[in-house]
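Pasting upload.tsv here (TSV, C-alpha atoms and all ligand atoms):
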chain	number	residue	atom	x	y	z
A	1	MET	CA	-100.68	103.75	-1.53
A	2	LEU	CA	-101.81	103.56	-5.13
A	3	ARG	CA	-100.22	106.89	-6.00
A	4	LYS	CA	-96.98	105.82	-4.38
A	5	ALA	CA	-96.89	102.63	-6.43
A	6	ILE	CA	-97.49	104.49	-9.68
A	7	VAL	CA	-94.85	107.07	-8.89
A	8	ALA	CA	-92.44	104.28	-8.05
A	9	ALA	CA	-93.32	102.49	-11.24
A	10	LEU	CA	-92.85	105.66	-13.26
A	11	ALA	CA	-89.37	106.01	-11.87
A	12	LEU	CA	-88.48	102.41	-12.67
A	13	SER	CA	-90.10	101.67	-15.98
A	14	ALA	CA	-89.08	102.65	-19.45
A	15	ALA	CA	-91.82	103.46	-21.94
A	16	CYS	CA	-92.48	100.39	-24.05
A	17	ALA	CA	-95.48	98.81	-25.70
A	18	PRO	CA	-96.98	96.35	-23.27
A	19	ASP	CA	-96.69	92.68	-24.12
A	20	SER	CA	-100.09	91.63	-25.45
A	21	GLN	CA	-99.69	87.86	-25.12
A	22	ALA	CA	-102.22	86.26	-22.79
A	23	PRO	CA	-102.05	85.69	-19.92
A	24	VAL	CA	-101.30	89.29	-19.08
A	25	LYS	CA	-100.64	90.33	-15.50
A	26	VAL	CA	-102.46	93.55	-14.81
A	27	GLN	CA	-103.83	95.50	-11.89
A	28	ALA	CA	-107.62	95.73	-11.70
A	29	LEU	CA	-110.03	97.15	-9.14
A	30	VAL	CA	-111.40	94.15	-7.29
A	31	LEU	CA	-113.85	93.89	-4.40
A	32	THR	CA	-112.17	93.33	-1.05
A	33	SER	CA	-113.59	91.74	2.08
A	34	ASN	CA	-114.32	95.13	3.64
A	35	GLY	CA	-116.66	95.99	0.77
A	36	SER	CA	-114.42	98.44	-1.08
A	37	TYR	CA	-112.72	98.07	-4.46
A	38	ALA	CA	-108.94	98.11	-4.40
A	39	PRO	CA	-106.11	97.47	-6.88
A	40	ARG	CA	-105.22	93.80	-7.13
A	41	GLU	CA	-103.02	91.89	-9.52
A	42	VAL	CA	-105.07	89.64	-11.79
A	43	GLU	CA	-104.37	87.70	-14.97
A	44	LEU	CA	-106.31	88.28	-18.13
A	45	THR	CA	-106.22	84.87	-19.74
A	46	THR	CA	-108.09	85.61	-22.97
A	47	ILE	CA	-106.80	89.03	-24.00
A	48	SER	CA	-105.08	89.37	-27.38
A	49	ASP	CA	-104.59	93.15	-27.43
A	50	ILE	CA	-104.21	94.79	-24.03
A	51	VAL	CA	-104.11	98.31	-25.49
A	52	ARG	CA	-107.27	98.00	-27.55
A	53	MET	CA	-108.84	95.74	-24.94
A	54	GLU	CA	-109.73	92.95	-27.33
A	55	GLY	CA	-109.75	89.24	-26.76
A	56	VAL	CA	-111.77	86.04	-26.92
A	57	VAL	CA	-114.36	87.35	-24.47
A	58	ALA	CA	-114.92	90.96	-25.45
A	59	LYS	CA	-113.90	93.82	-27.65
A	60	MET	CA	-114.21	97.35	-26.27
A	61	ILE	CA	-115.41	100.13	-28.57
A	62	GLY	CA	-115.32	103.79	-27.59
A	63	GLY	CA	-117.10	106.83	-29.01
A	64	ALA	CA	-120.20	105.10	-30.42
A	65	ARG	CA	-123.57	106.80	-30.79
A	66	ILE	CA	-126.69	104.62	-30.68
A	67	ARG	CA	-130.09	106.15	-31.04
A	68	SER	CA	-133.37	104.25	-31.11
A	69	ASP	CA	-136.31	106.37	-32.25
A	70	SER	CA	-139.52	104.93	-33.71
A	71	GLN	CA	-140.00	108.19	-35.69
A	72	ASP	CA	-136.60	107.88	-37.38
A	73	PRO	CA	-137.21	107.24	-41.13
A	74	GLN	CA	-134.21	104.89	-41.26
A	75	VAL	CA	-135.71	102.86	-38.39
A	76	GLN	CA	-139.14	102.86	-40.02
A	77	SER	CA	-137.82	101.56	-43.32
A	78	ALA	CA	-135.70	98.81	-41.75
A	79	GLN	CA	-137.06	95.43	-42.82
A	80	THR	CA	-134.54	93.11	-41.22
A	81	GLU	CA	-132.79	92.85	-37.86
A	82	GLU	CA	-129.53	93.86	-39.54
A	83	ALA	CA	-131.10	96.91	-41.15
A	84	TYR	CA	-132.61	97.89	-37.80
A	85	ALA	CA	-129.25	97.59	-36.06
A	86	LYS	CA	-127.64	99.68	-38.80
A	87	ALA	CA	-130.39	102.28	-38.51
A	88	ILE	CA	-129.88	102.84	-34.80
A	89	ILE	CA	-126.05	102.79	-34.78
A	90	LYS	CA	-125.46	106.41	-35.74
A	91	ALA	CA	-121.72	106.30	-35.12
A	92	GLU	CA	-119.82	103.02	-34.95
A	93	GLY	CA	-117.05	104.33	-32.71
A	94	ARG	CA	-113.51	102.97	-32.67
A	95	GLY	CA	-111.16	100.81	-30.65
A	96	VAL	CA	-110.14	102.16	-27.27
A	97	THR	CA	-106.57	102.97	-26.24
A	98	ALA	CA	-105.60	101.82	-22.77
A	99	ASN	CA	-102.55	103.33	-21.04
A	100	TYR	CA	-100.26	101.47	-18.68
A	101	ILE	CA	-97.22	101.80	-16.55
A	102	THR	CA	-95.18	98.60	-16.34
A	103	HIS	CA	-93.88	97.64	-12.95
A	104	GLU	CA	-92.16	94.31	-12.37
A	105	ASP	CA	-93.99	92.53	-15.21
A	106	VAL	CA	-97.35	93.86	-14.10
A	107	LEU	CA	-99.28	96.48	-16.05
A	108	TRP	CA	-100.73	99.29	-13.96
A	109	PRO	CA	-103.54	101.30	-15.56
A	110	ALA	CA	-102.31	104.86	-15.94
A	111	ASP	CA	-105.66	106.65	-16.06
A	112	PHE	CA	-109.17	106.21	-14.75
A	113	HIS	CA	-110.69	104.85	-17.97
A	114	THR	CA	-107.97	102.23	-18.21
A	115	TRP	CA	-108.77	101.06	-14.66
A	116	ASN	CA	-112.44	100.89	-15.63
A	117	LEU	CA	-111.78	99.12	-18.96
A	118	VAL	CA	-109.37	96.54	-17.54
A	119	THR	CA	-111.72	95.75	-14.67
A	120	ALA	CA	-114.70	95.52	-17.02
A	121	TYR	CA	-112.79	93.09	-19.25
A	122	TYR	CA	-111.71	91.09	-16.21
A	123	ASN	CA	-115.32	90.89	-15.02
A	124	PHE	CA	-116.53	89.72	-18.44
A	125	GLU	CA	-113.79	87.09	-18.36
A	126	ARG	CA	-115.05	85.86	-14.97
A	127	ALA	CA	-118.61	85.62	-16.36
A	128	TYR	CA	-117.37	83.81	-19.48
A	129	ASP	CA	-115.46	81.37	-17.26
A	130	TYR	CA	-118.52	80.75	-15.12
A	131	PHE	CA	-120.74	79.88	-18.08
A	132	ASN	CA	-117.98	77.78	-19.62
A	133	LYS	CA	-116.78	75.90	-16.54
A	134	VAL	CA	-119.71	75.90	-14.10
A	135	THR	CA	-122.68	75.67	-16.46
A	136	ASN	CA	-120.75	73.73	-19.15
A	137	VAL	CA	-121.53	75.96	-22.13
A	138	PRO	CA	-118.82	75.03	-24.69
A	139	SER	CA	-116.54	77.89	-25.82
A	140	ALA	CA	-117.89	77.49	-29.35
A	141	ASP	CA	-121.42	78.24	-28.06
A	142	LEU	CA	-120.23	81.31	-26.17
A	143	GLY	CA	-119.61	82.83	-29.56
A	144	GLU	CA	-117.51	85.60	-31.02
A	145	PRO	CA	-115.98	88.25	-28.74
A	146	ALA	CA	-118.83	90.39	-27.44
A	147	THR	CA	-118.83	93.99	-28.58
A	148	VAL	CA	-118.83	96.28	-25.56
A	149	TYR	CA	-119.68	99.90	-26.31
A	150	TYR	CA	-117.74	101.79	-23.70
A	151	PHE	CA	-119.21	105.16	-22.65
A	152	PRO	CA	-121.40	105.44	-25.78
A	153	GLU	CA	-124.04	108.08	-26.29
A	154	PHE	CA	-127.13	105.89	-26.01
A	155	THR	CA	-130.61	107.31	-26.43
A	156	LEU	CA	-133.98	105.57	-26.36
A	157	VAL	CA	-135.89	108.53	-27.74
A	158	ASP	CA	-139.39	107.09	-27.30
A	159	SER	CA	-138.98	106.92	-23.53
A	160	ASN	CA	-136.41	109.66	-22.84
A	161	PRO	CA	-134.97	112.36	-25.12
A	162	ASP	CA	-131.69	112.47	-23.14
A	163	ALA	CA	-128.81	110.05	-23.47
A	164	LEU	CA	-128.91	107.38	-20.76
A	165	LYS	CA	-126.33	107.30	-17.97
A	166	ASP	CA	-125.40	105.23	-14.94
A	167	ASN	CA	-126.16	101.84	-16.40
A	168	ALA	CA	-124.60	98.75	-17.93
A	169	LEU	CA	-126.69	96.60	-20.18
A	170	PHE	CA	-126.94	93.97	-22.87
A	171	PHE	CA	-128.89	95.54	-25.73
A	172	SER	CA	-130.19	92.77	-27.97
A	173	PRO	CA	-131.02	94.90	-31.06
A	174	VAL	CA	-127.28	95.40	-31.56
A	175	GLN	CA	-126.30	92.15	-29.74
A	176	SER	CA	-123.84	94.16	-27.68
A	177	PHE	CA	-123.10	95.36	-24.20
A	178	MET	CA	-122.97	98.96	-23.17
A	179	VAL	CA	-121.13	100.50	-20.26
A	180	LEU	CA	-122.73	103.93	-20.01
A	181	PRO	CA	-121.13	107.10	-18.63
A	182	PHE	CA	-121.73	108.02	-14.99
A	183	ASP	CA	-123.96	110.81	-13.92
A	184	THR	CA	-125.39	110.64	-10.43
A	185	LEU	CA	-124.41	107.13	-9.35
A	186	GLN	CA	-122.64	107.61	-6.03
A	187	LYS	CA	-121.31	104.13	-5.38
A	188	ALA	CA	-118.95	101.78	-7.25
A	189	PRO	CA	-119.12	102.18	-11.07
A	190	LEU	CA	-121.03	99.26	-12.60
A	191	ALA	CA	-118.09	98.13	-14.73
A	192	LEU	CA	-116.23	97.34	-11.49
A	193	ASN	CA	-119.08	95.30	-10.05
A	194	ALA	CA	-118.44	91.69	-11.09
A	195	GLY	CA	-121.98	90.66	-10.13
A	196	VAL	CA	-123.60	93.37	-12.21
A	197	MET	CA	-121.43	92.63	-15.25
A	198	SER	CA	-122.17	88.91	-14.93
A	199	HIS	CA	-125.87	89.68	-14.75
A	200	GLU	CA	-125.54	91.46	-18.10
A	201	TYR	CA	-123.45	88.64	-19.55
A	202	ALA	CA	-126.17	86.20	-18.49
A	203	HIS	CA	-128.64	88.13	-20.67
A	204	ARG	CA	-126.38	87.44	-23.66
A	205	ILE	CA	-126.48	83.70	-22.94
A	206	PHE	CA	-130.26	83.76	-22.46
A	207	ASN	CA	-130.59	85.64	-25.75
A	208	LYS	CA	-128.36	83.15	-27.59
A	209	LYS	CA	-130.18	80.10	-26.29
A	210	VAL	CA	-133.79	81.00	-25.49
A	211	TYR	CA	-134.15	83.65	-28.20
A	212	SER	CA	-131.86	81.86	-30.69
A	213	GLY	CA	-129.65	84.96	-30.81
A	214	SER	CA	-132.45	87.10	-32.18
A	215	ALA	CA	-132.03	90.89	-32.10
A	216	LEU	CA	-135.78	91.40	-31.73
A	217	PRO	CA	-137.07	88.14	-30.21
A	218	TYR	CA	-140.67	87.27	-31.10
A	219	GLN	CA	-141.24	86.41	-27.43
A	220	ILE	CA	-141.02	90.15	-26.79
A	221	ALA	CA	-141.79	91.74	-30.17
A	222	VAL	CA	-144.73	89.53	-31.22
A	223	TRP	CA	-146.13	88.44	-27.86
A	224	GLY	CA	-145.65	92.00	-26.63
A	225	GLY	CA	-147.85	93.23	-29.50
A	226	SER	CA	-150.95	92.07	-27.60
A	227	PRO	CA	-152.62	94.40	-25.07
A	228	SER	CA	-152.02	91.71	-22.41
A	229	SER	CA	-148.77	89.85	-22.89
A	230	PRO	CA	-148.39	87.24	-20.11
A	231	GLY	CA	-145.83	85.20	-22.08
A	232	ALA	CA	-143.62	88.22	-22.81
A	233	ASN	CA	-143.94	89.39	-19.20
A	234	LEU	CA	-142.90	85.97	-17.92
A	235	VAL	CA	-140.00	85.41	-20.31
A	236	LYS	CA	-138.54	88.78	-19.33
A	237	SER	CA	-138.97	87.94	-15.64
A	238	LEU	CA	-137.24	84.59	-16.12
A	239	ASP	CA	-134.40	86.33	-17.97
A	240	GLU	CA	-133.94	88.82	-15.09
A	241	GLY	CA	-134.28	86.25	-12.33
A	242	PHE	CA	-131.87	83.77	-13.93
A	243	ALA	CA	-129.42	86.60	-14.61
A	244	ASP	CA	-129.36	87.45	-10.90
A	245	TYR	CA	-128.88	83.82	-9.93
A	246	HIS	CA	-126.06	83.30	-12.46
A	247	ALA	CA	-124.44	86.55	-11.33
A	248	TYR	CA	-124.51	85.20	-7.79
A	249	GLY	CA	-122.90	82.01	-9.16
A	250	THR	CA	-120.08	84.06	-10.68
A	251	THR	CA	-119.33	85.73	-7.36
A	252	CYS	CA	-118.61	82.31	-5.83
A	253	ALA	CA	-115.33	82.11	-7.77
A	254	SER	CA	-114.13	85.49	-6.46
A	255	ALA	CA	-111.62	86.07	-3.67
A	256	THR	CA	-114.40	87.36	-1.39
A	257	GLY	CA	-116.66	84.38	-2.06
A	258	CYS	CA	-120.36	83.87	-2.80
A	259	ASN	CA	-122.29	87.10	-2.44
A	260	PRO	CA	-126.10	87.13	-2.74
A	261	ARG	CA	-126.06	90.90	-2.07
A	262	PHE	CA	-123.67	91.86	-4.88
A	263	PHE	CA	-125.79	94.85	-5.93
A	264	SER	CA	-125.10	96.65	-2.66
A	265	THR	CA	-121.66	98.01	-3.57
A	266	SER	CA	-123.15	99.90	-6.53
A	267	PHE	CA	-126.78	100.58	-5.64
A	268	ASP	CA	-128.84	102.06	-2.82
A	269	ASP	CA	-130.36	100.01	0.00
A	270	LYS	CA	-133.79	99.79	-1.61
A	271	LEU	CA	-132.57	98.16	-4.82
A	272	SER	CA	-129.99	96.07	-2.96
A	273	ASN	CA	-132.68	94.69	-0.65
A	274	ASP	CA	-135.15	94.13	-3.49
A	275	ARG	CA	-132.58	92.08	-5.38
A	276	ASP	CA	-130.83	90.37	-2.46
A	277	LEU	CA	-131.07	86.67	-3.39
A	278	SER	CA	-130.90	85.51	0.22
A	279	LYS	CA	-134.22	87.13	1.10
A	280	SER	CA	-136.51	84.15	1.53
A	281	ASP	CA	-139.85	85.88	2.06
A	282	ARG	CA	-140.66	86.99	-1.48
A	283	CYS	CA	-144.03	85.71	-2.66
A	284	MET	CA	-146.32	85.91	-5.63
A	285	ASP	CA	-149.39	87.91	-4.57
A	286	THR	CA	-152.72	88.54	-6.27
A	287	LEU	CA	-151.68	91.97	-7.54
A	288	LEU	CA	-148.49	90.69	-9.17
A	289	ARG	CA	-150.26	87.69	-10.64
A	290	ASN	CA	-152.93	89.95	-12.04
A	291	ASP	CA	-150.27	92.26	-13.53
A	292	LEU	CA	-148.46	89.29	-15.06
A	293	ASN	CA	-151.62	88.11	-16.76
A	294	THR	CA	-153.12	91.42	-17.84
A	295	LEU	CA	-150.42	94.02	-18.41
A	296	ASN	CA	-148.51	94.65	-21.60
A	297	VAL	CA	-144.76	93.98	-21.50
A	298	GLY	CA	-144.16	97.73	-21.79
A	299	ALA	CA	-145.91	98.29	-18.44
A	300	PHE	CA	-144.94	95.14	-16.56
A	301	ASP	CA	-142.03	95.23	-14.09
A	302	PRO	CA	-140.02	92.04	-14.75
A	303	TYR	CA	-137.70	92.57	-11.76
A	304	LYS	CA	-140.32	91.93	-9.10
A	305	LEU	CA	-141.24	88.49	-10.42
A	306	GLY	CA	-137.61	87.92	-11.46
A	307	SER	CA	-136.47	88.44	-7.86
A	308	ILE	CA	-139.02	85.94	-6.56
A	309	ILE	CA	-137.72	83.37	-9.07
A	310	ALA	CA	-134.07	84.16	-8.25
A	311	SER	CA	-134.52	83.84	-4.49
A	312	ALA	CA	-136.60	80.65	-4.86
A	313	LEU	CA	-133.76	79.08	-6.87
A	314	TYR	CA	-131.20	80.39	-4.38
A	315	GLN	CA	-133.09	78.84	-1.44
A	316	ALA	CA	-133.26	75.46	-3.18
A	317	GLY	CA	-129.57	75.50	-4.14
A	318	GLN	CA	-128.60	76.63	-0.67
A	319	GLU	CA	-130.70	74.01	1.11
A	320	GLN	CA	-129.18	71.22	-0.95
A	321	GLY	CA	-125.68	72.68	-1.22
A	322	GLN	CA	-126.05	72.23	-4.98
A	323	HIS	CA	-125.91	75.69	-6.54
A	324	ALA	CA	-123.60	74.64	-9.38
A	325	GLN	CA	-125.78	71.66	-10.29
A	326	LEU	CA	-128.85	73.89	-10.34
A	327	GLN	CA	-127.10	76.57	-12.40
A	328	ARG	CA	-126.06	73.90	-14.93
A	329	ALA	CA	-129.61	72.53	-15.08
A	330	LEU	CA	-130.98	76.02	-15.68
A	331	VAL	CA	-128.76	76.60	-18.68
A	332	ALA	CA	-129.54	73.11	-19.98
A	333	ALA	CA	-133.22	74.09	-19.78
A	334	TYR	CA	-132.71	77.17	-21.97
A	335	SER	CA	-132.74	75.16	-25.16
A	336	ASP	CA	-133.14	71.43	-25.57
A	337	GLU	CA	-134.08	69.77	-28.86
A	338	SER	CA	-134.33	66.26	-27.39
A	339	SER	CA	-137.80	64.87	-27.88
A	340	GLY	CA	-140.07	64.79	-24.85
A	341	ASN	CA	-137.90	67.22	-22.89
A	342	PRO	CA	-138.29	70.68	-24.44
A	343	GLY	CA	-136.25	73.64	-23.28
A	344	LEU	CA	-137.62	77.17	-22.88
A	345	ALA	CA	-136.77	77.95	-26.52
A	346	GLN	CA	-138.78	74.94	-27.67
A	347	LEU	CA	-141.66	75.67	-25.28
A	348	SER	CA	-141.87	79.23	-26.56
A	349	ARG	CA	-141.93	77.92	-30.14
A	350	ILE	CA	-144.92	75.72	-29.22
A	351	ALA	CA	-146.51	78.79	-27.64
A	352	ARG	CA	-145.68	81.08	-30.55
A	353	ASP	CA	-149.31	81.60	-31.55
A	354	ASP	CA	-150.73	81.27	-28.03
A	355	GLN	CA	-148.46	82.82	-25.43
A	356	THR	CA	-150.67	81.61	-22.56
A	357	ILE	CA	-149.04	78.19	-23.10
A	358	PHE	CA	-145.79	79.78	-21.87
A	359	ASN	CA	-146.83	80.18	-18.25
A	360	LEU	CA	-145.59	79.66	-14.68
A	361	VAL	CA	-146.55	75.96	-14.65
A	362	SER	CA	-145.12	75.01	-18.05
A	363	THR	CA	-141.88	76.97	-17.59
A	364	SER	CA	-141.40	75.55	-14.07
A	365	ALA	CA	-141.91	72.08	-15.52
A	366	VAL	CA	-139.21	72.72	-18.14
A	367	LEU	CA	-136.73	73.73	-15.43
A	368	ILE	CA	-137.60	70.85	-13.12
A	369	ASN	CA	-137.34	68.32	-15.96
A	370	HIS	CA	-133.74	69.40	-16.49
A	371	ILE	CA	-132.66	68.73	-12.90
A	372	THR	CA	-131.30	65.21	-12.50
A	373	ASP	CA	-130.79	64.93	-8.73
A	374	THR	CA	-134.07	63.94	-7.05
A	375	GLN	CA	-133.46	65.86	-3.86
A	376	LEU	CA	-132.54	69.03	-5.71
A	377	LYS	CA	-135.56	68.53	-7.95
A	378	THR	CA	-137.79	68.20	-4.89
A	379	ALA	CA	-136.30	71.31	-3.30
A	380	VAL	CA	-136.82	73.37	-6.47
A	381	CYS	CA	-140.40	72.06	-6.76
A	382	ASN	CA	-141.11	73.07	-3.18
A	383	GLU	CA	-139.68	76.56	-3.59
A	384	LEU	CA	-141.44	77.26	-6.89
A	385	ILE	CA	-144.80	75.91	-5.68
A	386	ASP	CA	-144.49	78.03	-2.54
A	387	HIS	CA	-143.05	81.31	-3.84
A	388	LEU	CA	-144.79	81.40	-7.22
A	389	GLN	CA	-148.05	80.11	-5.68
A	390	ILE	CA	-148.43	77.29	-8.17
A	391	PRO	CA	-151.10	74.75	-7.11
A	392	ALA	CA	-149.10	71.62	-6.11
A	393	GLY	CA	-151.45	69.43	-8.17
A	394	GLU	CA	-150.21	71.13	-11.36
A	395	LEU	CA	-146.64	69.90	-10.83
A	396	VAL	CA	-146.83	66.90	-8.45
A	397	GLY	CA	-148.52	63.67	-9.46
A	398	PRO	CA	-148.33	60.80	-11.93
A	399	GLY	CA	-146.79	61.97	-15.19
A	400	LEU	CA	-145.94	65.39	-13.72
A	401	PRO	CA	-142.37	66.64	-13.20
A	402	CYS	CA	-142.16	66.89	-9.39
A	403	PRO	CA	-141.36	63.87	-7.18
A	404	PRO	CA	-144.18	62.76	-4.83
A	405	ALA	CA	-142.16	64.08	-1.86
A	406	ALA	CA	-142.65	67.64	-3.12
A	407	GLN	CA	-145.56	69.37	-1.47
A	408	GLY	CA	-144.55	73.01	-1.56
A	409	GLY	CA	-143.38	75.07	1.39
A	410	THR	CA	-145.18	77.19	3.91
A	411	THR	CA	-143.29	80.50	3.62
A	412	CYS	CA	-145.90	82.24	1.49
A	413	PRO	CA	-149.57	82.73	2.33
A	414	ARG	CA	-151.69	80.80	-0.19
A	415	ILE	CA	-153.55	83.03	-2.62
A	416	ASN	CA	-155.22	80.35	-4.71
B	1	ZN	ZN	-131.14	92.49	-16.36
Using the file provided, produce a representation of the structure as structure tokens.
Amino acid sequence: MLRKAIVAALALSAACAPDSQAPVKVQALVLTSNGSYAPREVELTTISDIVRMEGVVAKMIGGARIRSDSQDPQVQSAQTEEAYAKAIIKAEGRGVTANYITHEDVLWPADFHTWNLVTAYYNFERAYDYFNKVTNVPSADLGEPATVYYFPEFTLVDSNPDALKDNALFFSPVQSFMVLPFDTLQKAPLALNAGVMSHEYAHRIFNKKVYSGSALPYQIAVWGGSPSSPGANLVKSLDEGFADYHAYGTTCASATGCNPRFFSTSFDDKLSNDRDLSKSDRCMDTLLRNDLNTLNVGAFDPYKLGSIIASALYQAGQEQGQHAQLQRALVAAYSDESSGNPGLAQLSRIARDDQTIFNLVSTSAVLINHITDTQLKTAVCNELIDHLQIPAGELVGPGLPCPPAAQGGTTCPRIN
């Protein structure tokens, strides 16, 4: 079917430079209701150069080489975030060149990488739209077009001498995204997975707001310098959990609708189950709580706690039919300078010299204080008290953030 269309298009179209003016009608690979990705006509509304894949949302760069190695003399002598970024970017790469066949005003990608690039851009656009329109982050705050290193050679030498593959990530030291080459991944490439790309985009927003756009946030770099780093472990878990919940939020605007299992088209059953937001039986246990409080950020797994947080939020939003309101409140809680109602950025500043102040109770309070609807607030209180095993008395009571109606749920066995 696809081949036929391209052959037909080849026969009909003359070679000409595609019109770069947004909106551009283009074919992308989009998830269908039967779980496969298929060509579909979409509009890129923010693109300014469809060949170089540049626009308001993102700018694709090919052929880059990024190498982080603590033994690298250039890395060791770097004194600033900028110098560090320069030290690890070994080759800056160049703009990509996408190839199209024009058929009845619609651009059809003419090679695999163009399909992948166009779909990646489209997915970033969906994530941008979500943060702009659903969570109300103004365009000005969404910042400059994000640099996306497409198929770079990316090596984290301290943990693995080989270049990384099969991943998509936001890498804060260079404030950029990376779409890495494939290796053994058997399912849909990550660039095609709108949920996965939105998850990564959510890390950029978290970095901008909670970490003030820092390349090496002190919440990780400084707090993580202690043998036990509960604050760093928690902030990373919040970042992962919120990213999953926002990614879910992005899927709600897609043709196939809200999908709490968006990982499943790209990952195996184990990971898909572990990150499925609709699983309601995830609970803090004594082992995880002990790890949170005693491990260093380098050893702590932020996804386990992140998934508990994500599914707790999902349950509350689902129960109240108020996902968008909750997603907006979450982003409002990232950074808030108003007096008496600190955001996570402000709470972490207070906790700068004592990371134990940035804990499950204080961060839950920050979130809850940014929810305006009383019923939604109560639902979130109940889910967090239950799934994170927070003693109700720490959040419910006079002068505390949870309404008196909140008592916590009964899904999780109490460990206190
Ligand atoms: Zn993540």
Listed atoms of region 344-352 of chain A, axis-aligned box, 6 Å per side: centre and edge lengths to one decimal in Å, as lines of an AutoDock Vina configuration file?
center_x = -141.6
center_y = 78.0
center_z = -26.7
size_x = 21.7
size_y = 18.1
size_z = 19.7
Which residues of chain A come within 7 Å of ligand ZN 1 (chain B), and what is each one's closest atom pair and distance in Å (one decimal), counting only C-alpha atoms and all ligand atoms, sorted by chain and residue number, as a tab-separated table?
residue	atom	partner	partner_atom	distance
A:His199	CA	B:ZN1	ZN	6.2
A:Glu200	CA	B:ZN1	ZN	6.0
A:His203	CA	B:ZN1	ZN	6.6
A:Glu240	CA	B:ZN1	ZN	4.8
A:Ala243	CA	B:ZN1	ZN	6.4
ask   = Which polymer residues have any atom within 12 Å of an atom of region 86-94 of chain A, counting all atoms listed in the file, with same-chain residues fewer than 2 positions away left out, as JSON, numbers by chain?
value = {"A": [52, 53, 54, 59, 60, 61, 62, 63, 64, 65, 66, 67, 68, 69, 70, 71, 72, 73, 74, 75, 76, 77, 78, 79, 80, 81, 82, 83, 84, 96, 97, 147, 148, 149, 150, 151, 152, 153, 154, 155, 156, 157, 171, 173, 174, 175, 176, 215]}
Would you mind exporting the chosen residues as an mmCIF file, in the frame of the given file, restricted to C-alpha atoms?
data_model
loop_
_atom_site.group_PDB
_atom_site.id
_atom_site.type_symbol
_atom_site.label_atom_id
_atom_site.label_comp_id
_atom_site.auth_asym_id
_atom_site.auth_seq_id
_atom_site.Cartn_x
_atom_site.Cartn_y
_atom_site.Cartn_z
ATOM 1 C CA ARG A 52 -107.270 98.000 -27.550
ATOM 2 C CA MET A 53 -108.840 95.740 -24.940
ATOM 3 C CA GLU A 54 -109.730 92.950 -27.330
ATOM 4 C CA LYS A 59 -113.900 93.820 -27.650
ATOM 5 C CA MET A 60 -114.210 97.350 -26.270
ATOM 6 C CA ILE A 61 -115.410 100.130 -28.570
ATOM 7 C CA GLY A 62 -115.320 103.790 -27.590
ATOM 8 C CA GLY A 63 -117.100 106.830 -29.010
ATOM 9 C CA ALA A 64 -120.200 105.100 -30.420
ATOM 10 C CA ARG A 65 -123.570 106.800 -30.790
ATOM 11 C CA ILE A 66 -126.690 104.620 -30.680
ATOM 12 C CA ARG A 67 -130.090 106.150 -31.040
ATOM 13 C CA SER A 68 -133.370 104.250 -31.110
ATOM 14 C CA ASP A 69 -136.310 106.370 -32.250
ATOM 15 C CA SER A 70 -139.520 104.930 -33.710
ATOM 16 C CA GLN A 71 -140.000 108.190 -35.690
ATOM 17 C CA ASP A 72 -136.600 107.880 -37.380
ATOM 18 C CA PRO A 73 -137.210 107.240 -41.130
ATOM 19 C CA GLN A 74 -134.210 104.890 -41.260
ATOM 20 C CA VAL A 75 -135.710 102.860 -38.390
ATOM 21 C CA GLN A 76 -139.140 102.860 -40.020
ATOM 22 C CA SER A 77 -137.820 101.560 -43.320
ATOM 23 C CA ALA A 78 -135.700 98.810 -41.750
ATOM 24 C CA GLN A 79 -137.060 95.430 -42.820
ATOM 25 C CA THR A 80 -134.540 93.110 -41.220
ATOM 26 C CA GLU A 81 -132.790 92.850 -37.860
ATOM 27 C CA GLU A 82 -129.530 93.860 -39.540
ATOM 28 C CA ALA A 83 -131.100 96.910 -41.150
ATOM 29 C CA TYR A 84 -132.610 97.890 -37.800
ATOM 30 C CA VAL A 96 -110.140 102.160 -27.270
ATOM 31 C CA THR A 97 -106.570 102.970 -26.240
ATOM 32 C CA THR A 147 -118.830 93.990 -28.580
ATOM 33 C CA VAL A 148 -118.830 96.280 -25.560
ATOM 34 C CA TYR A 149 -119.680 99.900 -26.310
ATOM 35 C CA TYR A 150 -117.740 101.790 -23.700
ATOM 36 C CA PHE A 151 -119.210 105.160 -22.650
ATOM 37 C CA PRO A 152 -121.400 105.440 -25.780
ATOM 38 C CA GLU A 153 -124.040 108.080 -26.290
ATOM 39 C CA PHE A 154 -127.130 105.890 -26.010
ATOM 40 C CA THR A 155 -130.610 107.310 -26.430
ATOM 41 C CA LEU A 156 -133.980 105.570 -26.360
ATOM 42 C CA VAL A 157 -135.890 108.530 -27.740
ATOM 43 C CA PHE A 171 -128.890 95.540 -25.730
ATOM 44 C CA PRO A 173 -131.020 94.900 -31.060
ATOM 45 C CA VAL A 174 -127.280 95.400 -31.560
ATOM 46 C CA GLN A 175 -126.300 92.150 -29.740
ATOM 47 C CA SER A 176 -123.840 94.160 -27.680
ATOM 48 C CA ALA A 215 -132.030 90.890 -32.100
#
task = For region 327-341 of chain A, please output as a ChimeraX atom specification all residues within 10 Å (counting only C-alpha atoms; exclusion window: fewer than 6 positions along the same chain).
result = /A:130-131,133-137,202,205-212,242,245-246,249,313-314,317,347,363,365-373
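Put simply, CA of Ser266 (chain A) is 27.9 Å away from CA of Ile101 (chain A).
Separating CA of Pro39 (chain A) from CA of Tyr201 (chain A) is a distance of 23.2 Å.
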message = (-145.0, 67.6, -15.0) in this file's frame - what residues fall within 10 Å of it? Use all atoms listed in the file and give the answer as a VMD selection string.
response = chain A and resid 361 to 362 364 to 366 368 to 369 393 to 403
inquiry  = Applying 8 Å and only C-alpha atoms, which residues near Asn116 (chain A) remain after dropping the ones on its own chain fewer than 3 positions away? List them as a ChimeraX atom specification.
reply    = /A:29,112-113,119-120,191-192
